[in-house]
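Shown next: my_file_13.pdb, containing PDB, C-alpha atoms, pLDDT in the B column.
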MODEL        1
ATOM      1  CA  GLN A  18      38.066 162.804 142.583  1.00 56.00           C
ATOM      2  CA  LYS A  19      36.447 165.190 145.065  1.00 65.00           C
ATOM      3  CA  PRO A  20      36.223 168.006 144.205  1.00 72.00           C
ATOM      4  CA  LYS A  21      36.584 167.137 140.525  1.00 72.00           C
ATOM      5  CA  TYR A  22      38.511 170.268 139.532  1.00 79.00           C
ATOM      6  CA  LEU A  23      41.478 169.056 141.617  1.00 82.00           C
ATOM      7  CA  ARG A  24      41.919 166.118 139.236  1.00 77.00           C
ATOM      8  CA  PHE A  25      42.235 168.533 136.323  1.00 81.00           C
ATOM      9  CA  ILE A  26      44.732 170.703 138.208  1.00 85.00           C
ATOM     10  CA  PHE A  27      46.964 167.715 139.030  1.00 85.00           C
ATOM     11  CA  LEU A  28      46.778 166.317 135.492  1.00 86.00           C
ATOM     12  CA  ILE A  29      48.455 169.413 134.024  1.00 89.00           C
ATOM     13  CA  PRO A  30      51.872 168.917 135.724  1.00 92.00           C
ATOM     14  CA  SER A  31      51.583 165.170 135.050  1.00 91.00           C
ATOM     15  CA  TYR A  32      51.257 165.770 131.318  1.00 91.00           C
ATOM     16  CA  ILE A  33      54.108 168.306 131.431  1.00 93.00           C
ATOM     17  CA  CYS A  34      56.353 165.700 133.116  1.00 94.00           C
ATOM     18  CA  GLU A  35      55.414 163.110 130.488  1.00 92.00           C
ATOM     19  CA  LEU A  36      56.173 165.532 127.681  1.00 94.00           C
ATOM     20  CA  CYS A  37      59.566 166.448 129.177  1.00 94.00           C
ATOM     21  CA  PHE A  38      60.396 162.764 129.498  1.00 93.00           C
ATOM     22  CA  ILE A  39      59.548 162.168 125.837  1.00 93.00           C
ATOM     23  CA  ILE A  40      61.578 165.132 124.605  1.00 93.00           C
ATOM     24  CA  LEU A  41      64.637 164.567 126.804  1.00 93.00           C
ATOM     25  CA  THR A  42      64.982 160.770 126.435  1.00 91.00           C
ATOM     26  CA  GLU A  43      65.151 158.183 123.670  1.00 88.00           C
ATOM     27  CA  CYS A  44      64.476 155.015 125.655  1.00 89.00           C
ATOM     28  CA  PRO A  45      61.642 152.587 124.743  1.00 88.00           C
ATOM     29  CA  LEU A  46      58.248 153.094 126.350  1.00 89.00           C
ATOM     30  CA  PHE A  47      56.347 150.063 127.696  1.00 86.00           C
ATOM     31  CA  PHE A  48      52.709 149.960 128.814  1.00 86.00           C
ATOM     32  CA  ASN A  49      50.516 147.314 130.479  1.00 81.00           C
ATOM     33  CA  SER A  50      47.739 147.699 127.901  1.00 84.00           C
ATOM     34  CA  SER A  51      47.715 148.129 124.123  1.00 83.00           C
ATOM     35  CA  GLU A  52      44.831 150.600 124.540  1.00 86.00           C
ATOM     36  CA  VAL A  53      46.877 152.749 126.919  1.00 88.00           C
ATOM     37  CA  ALA A  54      49.889 152.602 124.579  1.00 89.00           C
ATOM     38  CA  LYS A  55      47.736 153.839 121.675  1.00 89.00           C
ATOM     39  CA  GLU A  56      46.260 156.647 123.760  1.00 90.00           C
ATOM     40  CA  PHE A  57      49.734 157.733 124.892  1.00 92.00           C
ATOM     41  CA  ALA A  58      51.169 157.691 121.368  1.00 92.00           C
ATOM     42  CA  ASN A  59      48.210 159.680 120.058  1.00 93.00           C
ATOM     43  CA  ARG A  60      48.441 162.254 122.865  1.00 92.00           C
ATOM     44  CA  TYR A  61      52.073 163.092 122.022  1.00 93.00           C
ATOM     45  CA  LYS A  62      52.124 162.194 118.318  1.00 91.00           C
ATOM     46  CA  TYR A  63      53.775 165.499 117.363  1.00 92.00           C
ATOM     47  CA  PHE A  64      56.657 164.942 119.777  1.00 93.00           C
ATOM     48  CA  ILE A  65      57.392 161.215 119.373  1.00 91.00           C
ATOM     49  CA  SER A  66      59.817 160.215 116.620  1.00 88.00           C
ATOM     50  CA  ASP A  67      58.940 157.396 114.245  1.00 86.00           C
ATOM     51  CA  LYS A  68      61.880 155.370 115.571  1.00 87.00           C
ATOM     52  CA  ARG A  69      60.693 155.510 119.195  1.00 89.00           C
ATOM     53  CA  GLU A  70      59.631 152.070 120.466  1.00 88.00           C
ATOM     54  CA  ILE A  71      56.207 152.117 122.117  1.00 88.00           C
ATOM     55  CA  LYS A  72      54.547 148.811 122.869  1.00 83.00           C
ATOM     56  CA  CYS A  73      52.506 146.787 125.303  1.00 82.00           C
ATOM     57  CA  LEU A  74      54.196 144.276 127.590  1.00 76.00           C
ATOM     58  CA  ASN A  75      51.470 142.161 129.103  1.00 68.00           C
ATOM     59  CA  ILE A  76      51.823 141.654 132.823  1.00 66.00           C
ATOM     60  CA  GLY A  77      52.218 138.225 134.362  1.00 63.00           C
ATOM     61  CA  HIS A  78      49.329 136.239 135.779  1.00 63.00           C
ATOM     62  CA  PRO A  79      48.833 133.356 138.198  1.00 62.00           C
ATOM     63  CA  PRO A  80      48.793 129.791 136.855  1.00 67.00           C
ATOM     64  CA  THR A  81      45.446 128.231 136.011  1.00 70.00           C
ATOM     65  CA  LYS A  82      43.824 126.928 139.170  1.00 76.00           C
ATOM     66  CA  PHE A  83      40.172 125.975 138.891  1.00 76.00           C
ATOM     67  CA  LEU A  84      38.549 126.286 142.301  1.00 79.00           C
ATOM     68  CA  ASP A  85      36.538 123.502 143.914  1.00 76.00           C
ATOM     69  CA  LYS A  86      33.067 124.961 144.312  1.00 76.00           C
ATOM     70  CA  LYS A  87      31.652 124.713 147.843  1.00 78.00           C
ATOM     71  CA  ASN A  88      28.511 125.964 149.552  1.00 72.00           C
ATOM     72  CA  LEU A  89      26.989 127.396 146.393  1.00 74.00           C
ATOM     73  CA  LYS A  90      23.361 128.450 146.615  1.00 75.00           C
ATOM     74  CA  PRO A  91      21.918 126.406 143.756  1.00 74.00           C
ATOM     75  CA  TYR A  92      18.987 128.577 142.650  1.00 80.00           C
ATOM     76  CA  GLN A  93      20.739 131.938 142.843  1.00 86.00           C
ATOM     77  CA  ASN A  94      23.815 133.419 141.211  1.00 90.00           C
ATOM     78  CA  ASN A  95      26.639 134.101 143.644  1.00 93.00           C
ATOM     79  CA  TYR A  96      29.184 136.835 142.946  1.00 95.00           C
ATOM     80  CA  ALA A  97      32.064 138.507 144.735  1.00 97.00           C
ATOM     81  CA  ILE A  98      33.007 142.169 144.599  1.00 97.00           C
ATOM     82  CA  TYR A  99      36.341 142.692 146.301  1.00 96.00           C
ATOM     83  CA  GLY A 100      39.244 145.111 146.345  1.00 93.00           C
ATOM     84  CA  ASN A 101      40.660 148.129 148.099  1.00 93.00           C
ATOM     85  CA  PHE A 102      37.693 150.431 148.583  1.00 94.00           C
ATOM     86  CA  LEU A 103      39.957 153.333 149.476  1.00 91.00           C
ATOM     87  CA  PHE A 104      40.759 153.342 145.755  1.00 89.00           C
ATOM     88  CA  TYR A 105      38.334 155.630 143.929  1.00 87.00           C
ATOM     89  CA  GLU A 106      37.712 153.178 141.050  1.00 90.00           C
ATOM     90  CA  SER A 107      36.469 150.491 143.427  1.00 92.00           C
ATOM     91  CA  GLU A 108      34.497 152.856 145.653  1.00 93.00           C
ATOM     92  CA  ASN A 109      32.752 154.760 142.859  1.00 93.00           C
ATOM     93  CA  GLY A 110      31.942 151.592 140.925  1.00 95.00           C
ATOM     94  CA  LEU A 111      30.303 149.756 143.821  1.00 96.00           C
ATOM     95  CA  ASN A 112      28.444 152.903 144.897  1.00 96.00           C
ATOM     96  CA  LYS A 113      27.006 153.268 141.409  1.00 95.00           C
ATOM     97  CA  LEU A 114      26.007 149.584 141.269  1.00 96.00           C
ATOM     98  CA  ILE A 115      24.091 149.935 144.558  1.00 95.00           C
ATOM     99  CA  GLU A 116      22.414 153.161 143.424  1.00 94.00           C
ATOM    100  CA  GLU A 117      21.298 151.505 140.178  1.00 94.00           C
ATOM    101  CA  LEU A 118      19.853 148.581 142.159  1.00 92.00           C
ATOM    102  CA  LYS A 119      17.862 150.995 144.301  1.00 90.00           C
ATOM    103  CA  LYS A 120      16.218 152.377 141.165  1.00 88.00           C
ATOM    104  CA  ILE A 121      14.826 148.909 140.389  1.00 83.00           C
ATOM    105  CA  ASP A 122      13.230 148.182 143.754  1.00 66.00           C
ATOM    106  CA  GLU A 123      15.060 148.865 146.978  1.00 55.00           C
ATOM    107  CA  ASN A 124      12.723 146.677 149.034  1.00 54.00           C
ATOM    108  CA  SER A 125      12.423 143.677 146.711  1.00 59.00           C
ATOM    109  CA  SER A 126      12.235 140.505 148.806  1.00 64.00           C
ATOM    110  CA  LYS A 127      12.765 138.057 145.901  1.00 81.00           C
ATOM    111  CA  VAL A 128      16.474 137.225 145.875  1.00 86.00           C
ATOM    112  CA  HIS A 129      17.991 136.194 142.541  1.00 89.00           C
ATOM    113  CA  THR A 130      21.629 137.127 143.270  1.00 92.00           C
ATOM    114  CA  ASN A 131      23.963 137.029 146.269  1.00 94.00           C
ATOM    115  CA  ILE A 132      26.905 139.441 146.352  1.00 96.00           C
ATOM    116  CA  TYR A 133      29.796 139.066 148.797  1.00 97.00           C
ATOM    117  CA  ILE A 134      31.692 142.298 149.421  1.00 97.00           C
ATOM    118  CA  PHE A 135      35.130 142.093 150.997  1.00 97.00           C
ATOM    119  CA  GLY A 136      38.481 143.812 151.032  1.00 95.00           C
ATOM    120  CA  LYS A 137      40.166 146.834 152.559  1.00 94.00           C
ATOM    121  CA  ASN A 138      37.744 149.395 154.025  1.00 94.00           C
ATOM    122  CA  SER A 139      34.716 147.344 152.937  1.00 95.00           C
ATOM    123  CA  THR A 140      33.302 147.107 156.468  1.00 95.00           C
ATOM    124  CA  GLN A 141      33.722 150.811 157.167  1.00 95.00           C
ATOM    125  CA  MET A 142      31.997 151.831 153.948  1.00 95.00           C
ATOM    126  CA  TYR A 143      29.409 149.121 153.328  1.00 96.00           C
ATOM    127  CA  SER A 144      28.478 147.501 156.668  1.00 96.00           C
ATOM    128  CA  LYS A 145      25.052 149.184 156.455  1.00 96.00           C
ATOM    129  CA  TYR A 146      24.265 146.933 153.480  1.00 96.00           C
ATOM    130  CA  ASN A 147      25.140 143.676 155.275  1.00 96.00           C
ATOM    131  CA  ASP A 148      22.183 141.249 155.269  1.00 94.00           C
ATOM    132  CA  LEU A 149      20.210 143.719 153.158  1.00 92.00           C
ATOM    133  CA  CYS A 150      18.311 142.926 149.961  1.00 91.00           C
ATOM    134  CA  ILE A 151      18.194 145.646 147.299  1.00 91.00           C
ATOM    135  CA  GLY A 152      16.590 145.106 143.923  1.00 89.00           C
ATOM    136  CA  GLY A 153      16.703 141.320 144.273  1.00 90.00           C
ATOM    137  CA  VAL A 154      20.341 141.306 145.367  1.00 93.00           C
ATOM    138  CA  TYR A 155      21.281 140.099 148.848  1.00 94.00           C
ATOM    139  CA  PHE A 156      24.492 141.637 150.210  1.00 96.00           C
ATOM    140  CA  SER A 157      26.962 140.054 152.619  1.00 96.00           C
ATOM    141  CA  VAL A 158      29.775 142.343 153.778  1.00 97.00           C
ATOM    142  CA  LEU A 159      32.719 140.267 154.994  1.00 96.00           C
ATOM    143  CA  GLY A 160      35.401 142.892 155.624  1.00 95.00           C
ATOM    144  CA  MET A 161      39.037 141.772 155.427  1.00 95.00           C
ATOM    145  CA  VAL A 162      39.336 138.013 154.822  1.00 94.00           C
ATOM    146  CA  ASP A 163      42.182 135.579 155.438  1.00 93.00           C
ATOM    147  CA  SER A 164      41.861 133.886 152.050  1.00 91.00           C
ATOM    148  CA  ILE A 165      40.319 135.230 148.847  1.00 91.00           C
ATOM    149  CA  GLU A 166      40.188 131.698 147.436  1.00 90.00           C
ATOM    150  CA  ASP A 167      38.053 130.444 150.321  1.00 91.00           C
ATOM    151  CA  ILE A 168      35.409 133.059 149.546  1.00 92.00           C
ATOM    152  CA  LEU A 169      35.580 132.581 145.774  1.00 93.00           C
ATOM    153  CA  GLN A 170      34.903 128.858 146.227  1.00 91.00           C
ATOM    154  CA  SER A 171      31.354 129.872 147.162  1.00 90.00           C
ATOM    155  CA  CYS A 172      30.975 132.083 144.089  1.00 92.00           C
ATOM    156  CA  ASP A 173      30.041 131.607 140.447  1.00 90.00           C
ATOM    157  CA  GLY A 174      31.957 134.680 139.420  1.00 92.00           C
ATOM    158  CA  VAL A 175      33.356 138.098 140.201  1.00 96.00           C
ATOM    159  CA  ILE A 176      31.794 141.433 139.321  1.00 97.00           C
ATOM    160  CA  ILE A 177      34.267 144.205 138.511  1.00 97.00           C
ATOM    161  CA  PRO A 178      32.045 147.307 138.576  1.00 96.00           C
ATOM    162  CA  VAL A 179      34.465 149.875 137.196  1.00 94.00           C
ATOM    163  CA  GLU A 180      33.489 152.431 134.579  1.00 91.00           C
ATOM    164  CA  ARG A 181      36.993 153.294 133.403  1.00 87.00           C
ATOM    165  CA  THR A 182      40.503 152.179 134.296  1.00 88.00           C
ATOM    166  CA  GLY A 183      44.027 153.004 133.185  1.00 83.00           C
ATOM    167  CA  GLY A 184      45.216 149.499 132.325  1.00 85.00           C
ATOM    168  CA  LEU A 185      44.724 145.767 132.620  1.00 84.00           C
ATOM    169  CA  LYS A 186      43.318 144.790 136.014  1.00 87.00           C
ATOM    170  CA  ILE A 187      44.970 141.903 137.856  1.00 84.00           C
ATOM    171  CA  LYS A 188      41.580 140.993 139.322  1.00 88.00           C
ATOM    172  CA  LEU A 189      40.259 140.239 135.831  1.00 90.00           C
ATOM    173  CA  LEU A 190      43.132 137.847 135.104  1.00 86.00           C
ATOM    174  CA  GLU A 191      42.793 136.155 138.497  1.00 86.00           C
ATOM    175  CA  THR A 192      39.078 135.551 137.992  1.00 89.00           C
ATOM    176  CA  LEU A 193      39.537 133.978 134.565  1.00 86.00           C
ATOM    177  CA  LYS A 194      42.415 131.787 135.712  1.00 84.00           C
ATOM    178  CA  TYR A 195      40.286 130.502 138.597  1.00 87.00           C
ATOM    179  CA  GLY A 196      37.714 129.361 136.035  1.00 84.00           C
ATOM    180  CA  LEU A 197      35.130 131.809 137.343  1.00 89.00           C
ATOM    181  CA  TYR A 198      32.927 134.180 135.409  1.00 91.00           C
ATOM    182  CA  ALA A 199      34.082 137.788 135.199  1.00 94.00           C
ATOM    183  CA  ILE A 200      31.364 140.386 134.767  1.00 96.00           C
ATOM    184  CA  THR A 201      32.582 143.870 133.925  1.00 96.00           C
ATOM    185  CA  THR A 202      32.331 146.871 131.634  1.00 96.00           C
ATOM    186  CA  LYS A 203      33.731 147.251 128.154  1.00 94.00           C
ATOM    187  CA  ASN A 204      36.170 149.932 129.324  1.00 93.00           C
ATOM    188  CA  VAL A 205      37.738 147.379 131.683  1.00 94.00           C
ATOM    189  CA  ALA A 206      37.665 144.387 129.332  1.00 92.00           C
ATOM    190  CA  LYS A 207      39.198 146.239 126.363  1.00 90.00           C
ATOM    191  CA  HIS A 208      42.624 146.191 128.051  1.00 88.00           C
ATOM    192  CA  LEU A 209      42.642 142.368 127.774  1.00 85.00           C
ATOM    193  CA  LYS A 210      43.711 141.422 124.266  1.00 79.00           C
ATOM    194  CA  ASP A 211      41.051 139.448 122.333  1.00 80.00           C
ATOM    195  CA  PHE A 212      38.646 139.719 125.278  1.00 85.00           C
ATOM    196  CA  LYS A 213      35.704 138.784 123.033  1.00 85.00           C
ATOM    197  CA  ASN A 214      37.107 135.253 122.677  1.00 82.00           C
ATOM    198  CA  TYR A 215      36.481 134.296 126.307  1.00 83.00           C
ATOM    199  CA  ASN A 216      33.126 132.652 126.922  1.00 79.00           C
ATOM    200  CA  HIS A 217      33.123 133.217 130.664  1.00 83.00           C
ATOM    201  CA  LEU A 218      33.823 136.931 130.359  1.00 90.00           C
ATOM    202  CA  LYS A 219      30.540 138.857 130.321  1.00 92.00           C
ATOM    203  CA  VAL A 220      31.017 142.421 129.094  1.00 95.00           C
ATOM    204  CA  PHE A 221      28.481 145.245 129.334  1.00 95.00           C
ATOM    205  CA  ASN A 222      28.513 148.864 128.193  1.00 95.00           C
ATOM    206  CA  GLY A 223      28.385 150.180 131.751  1.00 95.00           C
ATOM    207  CA  ILE A 224      27.445 149.462 135.355  1.00 96.00           C
ATOM    208  CA  GLU A 225      23.829 150.342 134.619  1.00 95.00           C
ATOM    209  CA  ASP A 226      23.711 147.553 132.026  1.00 95.00           C
ATOM    210  CA  ILE A 227      25.279 145.085 134.471  1.00 95.00           C
ATOM    211  CA  VAL A 228      22.514 145.799 136.972  1.00 94.00           C
ATOM    212  CA  LYS A 229      19.762 145.480 134.361  1.00 92.00           C
ATOM    213  CA  ASN A 230      21.029 142.039 133.346  1.00 91.00           C
ATOM    214  CA  LEU A 231      21.975 140.556 136.734  1.00 89.00           C
ATOM    215  CA  GLU A 232      18.767 138.575 137.077  1.00 86.00           C
ATOM    216  CA  THR A 233      18.894 137.134 133.545  1.00 84.00           C
ATOM    217  CA  ILE A 234      22.570 136.118 133.410  1.00 82.00           C
ATOM    218  CA  ASN A 235      22.284 132.324 133.480  1.00 72.00           C
ATOM    219  CA  ILE A 236      25.713 131.179 134.580  1.00 69.00           C
ATOM    220  CA  LYS A 237      24.942 127.819 136.173  1.00 62.00           C
ATOM    221  CA  ASP A 238      23.521 126.319 132.972  1.00 52.00           C
ATOM    222  CA  ASP A 239      26.252 127.671 130.684  1.00 54.00           C
ATOM    223  CA  LYS A 240      27.957 124.625 129.171  1.00 45.00           C
ATOM    224  CA  ASN A 241      30.817 126.749 127.811  1.00 48.00           C
ATOM    225  CA  MET A 242      32.036 127.791 131.234  1.00 48.00           C
ATOM    226  CA  PHE A 243      35.262 125.786 131.154  1.00 46.00           C
ATOM    227  CA  LEU A 244      35.725 125.458 127.382  1.00 46.00           C
ATOM    228  CA  ASP A 245      37.725 128.661 126.844  1.00 50.00           C
ATOM    229  CA  ASN A 246      41.255 128.596 125.550  1.00 51.00           C
ATOM    230  CA  SER A 247      43.779 129.302 128.262  1.00 54.00           C
ATOM    231  CA  LEU A 248      44.948 132.866 128.652  1.00 61.00           C
ATOM    232  CA  PRO A 249      48.188 133.585 126.769  1.00 58.00           C
ATOM    233  CA  ASN A 250      51.317 132.364 128.510  1.00 58.00           C
ATOM    234  CA  TRP A 251      52.528 135.834 129.310  1.00 56.00           C
ATOM    235  CA  GLU A 252      55.732 136.294 131.237  1.00 54.00           C
ATOM    236  CA  THR A 253      55.643 136.681 134.975  1.00 55.00           C
ATOM    237  CA  HIS A 254      56.890 139.960 136.428  1.00 56.00           C
ATOM    238  CA  TYR A 255      60.166 138.316 137.460  1.00 54.00           C
ATOM    239  CA  ARG A 256      60.920 136.874 134.026  1.00 62.00           C
ATOM    240  CA  LEU A 257      60.007 140.184 132.428  1.00 62.00           C
ATOM    241  CA  VAL A 258      62.407 142.113 134.669  1.00 65.00           C
ATOM    242  CA  GLU A 259      65.165 139.580 134.015  1.00 68.00           C
ATOM    243  CA  ARG A 260      64.760 139.884 130.260  1.00 65.00           C
ATOM    244  CA  LEU A 261      64.600 143.679 130.248  1.00 67.00           C
ATOM    245  CA  PHE A 262      67.820 143.946 132.261  1.00 69.00           C
ATOM    246  CA  SER A 263      69.626 141.361 130.143  1.00 68.00           C
ATOM    247  CA  ASP A 264      68.676 142.970 126.806  1.00 59.00           C
ATOM    248  CA  GLU A 265      71.331 145.132 125.223  1.00 50.00           C
TER     249      GLU A 265
ENDMDL
END
Starting from the coordinates I provided, produce the structure as C-alpha cells.
Amino acid sequence: QKPKYLRFIFLIPSYICELCFIILTECPLFFNSSEVAKEFANRYKYFISDKREIKCLNIGHPPTKFLDKKNLKPYQNNYAIYGNFLFYESENGLNKLIEELKKIDENSSKVHTNIYIFGKNSTQMYSKYNDLCIGGVYFSVLGMVDSIEDILQSCDGVIIPVERTGGLKIKLLETLKYGLYAITTKNVAKHLKDFKNYNHLKVFNGIEDIVKNLETINIKDDKNMFLDNSLPNWETHYRLVERLFSDE
C-alpha cells in the first residue's frame, strides 16, 4: 500500500497470470464470494467460454455458540476490534476510525462506547491509545490474548472497520455465530449472501458513517438481537475438500 504506485505495478503481472490461467486451462473456477466471482467473470468476459464453470463456494463457519455475557458495562456499548494489524486492511481501517473520532472531539470526557483492541501487533501500533478517550470512545489495548472468546464475553459486538475487502471475512461469520452484533461497511457485508436479512448485522456506507452513528446505535435494548435465522449450513473446509476430490 505504501507507496501506492507499487500496488499498481504488482497488479499487472497478477492479472497477466490470471489471464494465462484462463486461456490455458478448462477447469472450474471457485471463489469465496459471489461478488468476487462476478467481478472476475466481468474482468475476463472476452476470454471465458460460456461453458466455463464459475461459481461461489461459501467457506465453512464455526457452529452456533452464543456467549455468556460477563462484565458488561451496562450504560455503554462495548465493542471489540481485533485482528492481525500487520495486514493493511486491518491497520488502515482502524487508523481511519480513530482519525474520524478525532474530528468529533478528541478530548471528549463523556464516554458512550468502550472499544477493546487486541490481536497481532496491536500493542506495538496502538498502545498510545490505551486508557485514552477520543470522541466519546474509551480505548483499551490488550495486545495478544489467550482466548478471543473470553474478551468477547465482555462485548456487545465486534466492529470490522474495513473499507474494502476481497472476499467473505471469517471474522464476520464468527461474530454472527457468537450471537454478537457485527458493525461493518457495505463493502464488507456484501460478500455475505442475503446480508440484509440479519438483524444483528449493522451495515454502514463507510467507516466515517460508523463513527457518526456509534453513540446512537442502541444495541442493549434491541429485542431482535437473537431472533435472526441461523446462518446457512455451509460446508466446513474439510467436507468441501473431500467433496471436491471425490467429484469426477
Problem set entry | Picked residues, the PyMOL selection byres ((chain A and resi 195-211) around 7), expected as a PyMOL selection string | chain A and resi 50-52+81-84+173-182+184-185+189+191-194+212-214+217-224+243
May I have the selected residues written with C-alpha atoms, as a PDB file, keeping the file's coordinate frame?
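So out-v9.pdb came out as:
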ATOM      1  CA  SER A  50      47.739 147.699 127.901  1.00 84.00           C
ATOM      2  CA  SER A  51      47.715 148.129 124.123  1.00 83.00           C
ATOM      3  CA  GLU A  52      44.831 150.600 124.540  1.00 86.00           C
ATOM      4  CA  THR A  81      45.446 128.231 136.011  1.00 70.00           C
ATOM      5  CA  LYS A  82      43.824 126.928 139.170  1.00 76.00           C
ATOM      6  CA  PHE A  83      40.172 125.975 138.891  1.00 76.00           C
ATOM      7  CA  LEU A  84      38.549 126.286 142.301  1.00 79.00           C
ATOM      8  CA  ASP A 173      30.041 131.607 140.447  1.00 90.00           C
ATOM      9  CA  GLY A 174      31.957 134.680 139.420  1.00 92.00           C
ATOM     10  CA  VAL A 175      33.356 138.098 140.201  1.00 96.00           C
ATOM     11  CA  ILE A 176      31.794 141.433 139.321  1.00 97.00           C
ATOM     12  CA  ILE A 177      34.267 144.205 138.511  1.00 97.00           C
ATOM     13  CA  PRO A 178      32.045 147.307 138.576  1.00 96.00           C
ATOM     14  CA  VAL A 179      34.465 149.875 137.196  1.00 94.00           C
ATOM     15  CA  GLU A 180      33.489 152.431 134.579  1.00 91.00           C
ATOM     16  CA  ARG A 181      36.993 153.294 133.403  1.00 87.00           C
ATOM     17  CA  THR A 182      40.503 152.179 134.296  1.00 88.00           C
ATOM     18  CA  GLY A 184      45.216 149.499 132.325  1.00 85.00           C
ATOM     19  CA  LEU A 185      44.724 145.767 132.620  1.00 84.00           C
ATOM     20  CA  LEU A 189      40.259 140.239 135.831  1.00 90.00           C
ATOM     21  CA  GLU A 191      42.793 136.155 138.497  1.00 86.00           C
ATOM     22  CA  THR A 192      39.078 135.551 137.992  1.00 89.00           C
ATOM     23  CA  LEU A 193      39.537 133.978 134.565  1.00 86.00           C
ATOM     24  CA  LYS A 194      42.415 131.787 135.712  1.00 84.00           C
ATOM     25  CA  PHE A 212      38.646 139.719 125.278  1.00 85.00           C
ATOM     26  CA  LYS A 213      35.704 138.784 123.033  1.00 85.00           C
ATOM     27  CA  ASN A 214      37.107 135.253 122.677  1.00 82.00           C
ATOM     28  CA  HIS A 217      33.123 133.217 130.664  1.00 83.00           C
ATOM     29  CA  LEU A 218      33.823 136.931 130.359  1.00 90.00           C
ATOM     30  CA  LYS A 219      30.540 138.857 130.321  1.00 92.00           C
ATOM     31  CA  VAL A 220      31.017 142.421 129.094  1.00 95.00           C
ATOM     32  CA  PHE A 221      28.481 145.245 129.334  1.00 95.00           C
ATOM     33  CA  ASN A 222      28.513 148.864 128.193  1.00 95.00           C
ATOM     34  CA  GLY A 223      28.385 150.180 131.751  1.00 95.00           C
ATOM     35  CA  ILE A 224      27.445 149.462 135.355  1.00 96.00           C
ATOM     36  CA  PHE A 243      35.262 125.786 131.154  1.00 46.00           C
TER      37      PHE A 243
END
For this session: Between CA of Asp163 (chain A) and CA of Thr140 (chain A), measure the distance and give it in Å to one decimal.
Result: 14.6 Å
Let me have the centre and edge lengths in Å, one decimal, of the box along x, y and z around every listed atom of region 175-187 of chain A with 6 Å of margin on each side, as lines of an AutoDock Vina configuration file.
center_x = 38.5
center_y = 145.7
center_z = 136.3
size_x = 25.4
size_y = 27.2
size_z = 19.9
Exercise. Using only C-alpha atoms, which of A:Asn235, A:Ser157, A:Gln170, A:Asn49 sits nearest Tyr143 (chain A)?
Worked result: A:Ser157
Tell me which protein, DNA and RNA residues are within 9 Å of Ile134 (chain A), counting all atoms listed in the file, leaving out same-chain ones fewer than 4 positions away, and put them as a compact mmCIF listing (two decimals) with C-alpha atoms, keeping the file's coordinate frame.
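The resulting file, around.txt, is shown below:
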# COMPACT_ATOMS: atom_id res chain seq x y z
CA TYR A 96 29.18 136.84 142.95
CA ALA A 97 32.06 138.51 144.74
CA ILE A 98 33.01 142.17 144.60
CA TYR A 99 36.34 142.69 146.30
CA GLY A 100 39.24 145.11 146.34
CA SER A 139 34.72 147.34 152.94
CA THR A 140 33.30 147.11 156.47
CA TYR A 143 29.41 149.12 153.33
CA ASN A 147 25.14 143.68 155.28
CA PHE A 156 24.49 141.64 150.21
CA SER A 157 26.96 140.05 152.62
CA VAL A 158 29.78 142.34 153.78
CA LEU A 159 32.72 140.27 154.99
CA GLY A 160 35.40 142.89 155.62
Seminar exercise, completed: re CA of Glu106 (chain A) and CA of His129 (chain A): distance 26.1 Å
Problem set entry | Picked residues, the PyMOL selection byres ((chain A and resi 65) around 12), expected as a list in words |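 Applying the expression gives Glu35, Leu36, Cys37, Phe38, Ile39, Ile40, Leu41, Thr42, Glu43, Cys44, Pro45, Leu46, Phe57, Ala58, Asn59, Arg60, Tyr61, Lys62, Tyr63, Phe64, Ser66, Asp67, Lys68, Arg69, Glu70 and Ile71 of chain A.
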Exercise. What is the CA of Val53 (chain A)-CA of Cys73 (chain A) distance in Å, reported with one decimal?
Worked result: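 Distance reported for this atom pair: 8.4 Å.
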Suppose a student applies the PyMOL selection byres ((chain A and resi 113) around 10) to this structure; what residues should they get, written as a compact mmCIF listing (two decimals) with C-alpha atoms, in the coordinates of the input?
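Saved as part_1.txt:
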# COMPACT_ATOMS: atom_id res chain seq x y z
CA GLU A 108 34.50 152.86 145.65
CA ASN A 109 32.75 154.76 142.86
CA GLY A 110 31.94 151.59 140.93
CA LEU A 111 30.30 149.76 143.82
CA ASN A 112 28.44 152.90 144.90
CA LEU A 114 26.01 149.58 141.27
CA ILE A 115 24.09 149.94 144.56
CA GLU A 116 22.41 153.16 143.42
CA GLU A 117 21.30 151.50 140.18
CA LEU A 118 19.85 148.58 142.16
CA LYS A 119 17.86 151.00 144.30
CA PRO A 178 32.04 147.31 138.58
CA VAL A 179 34.47 149.88 137.20
CA GLU A 180 33.49 152.43 134.58
CA ILE A 224 27.44 149.46 135.35
CA GLU A 225 23.83 150.34 134.62
CA VAL A 228 22.51 145.80 136.97
Exercise. Which one is closest to Val154 (chain A): A:Leu231, A:Asn216, A:Ile187, A:Tyr105? Count all atoms listed in the file.
Worked result: A:Leu231
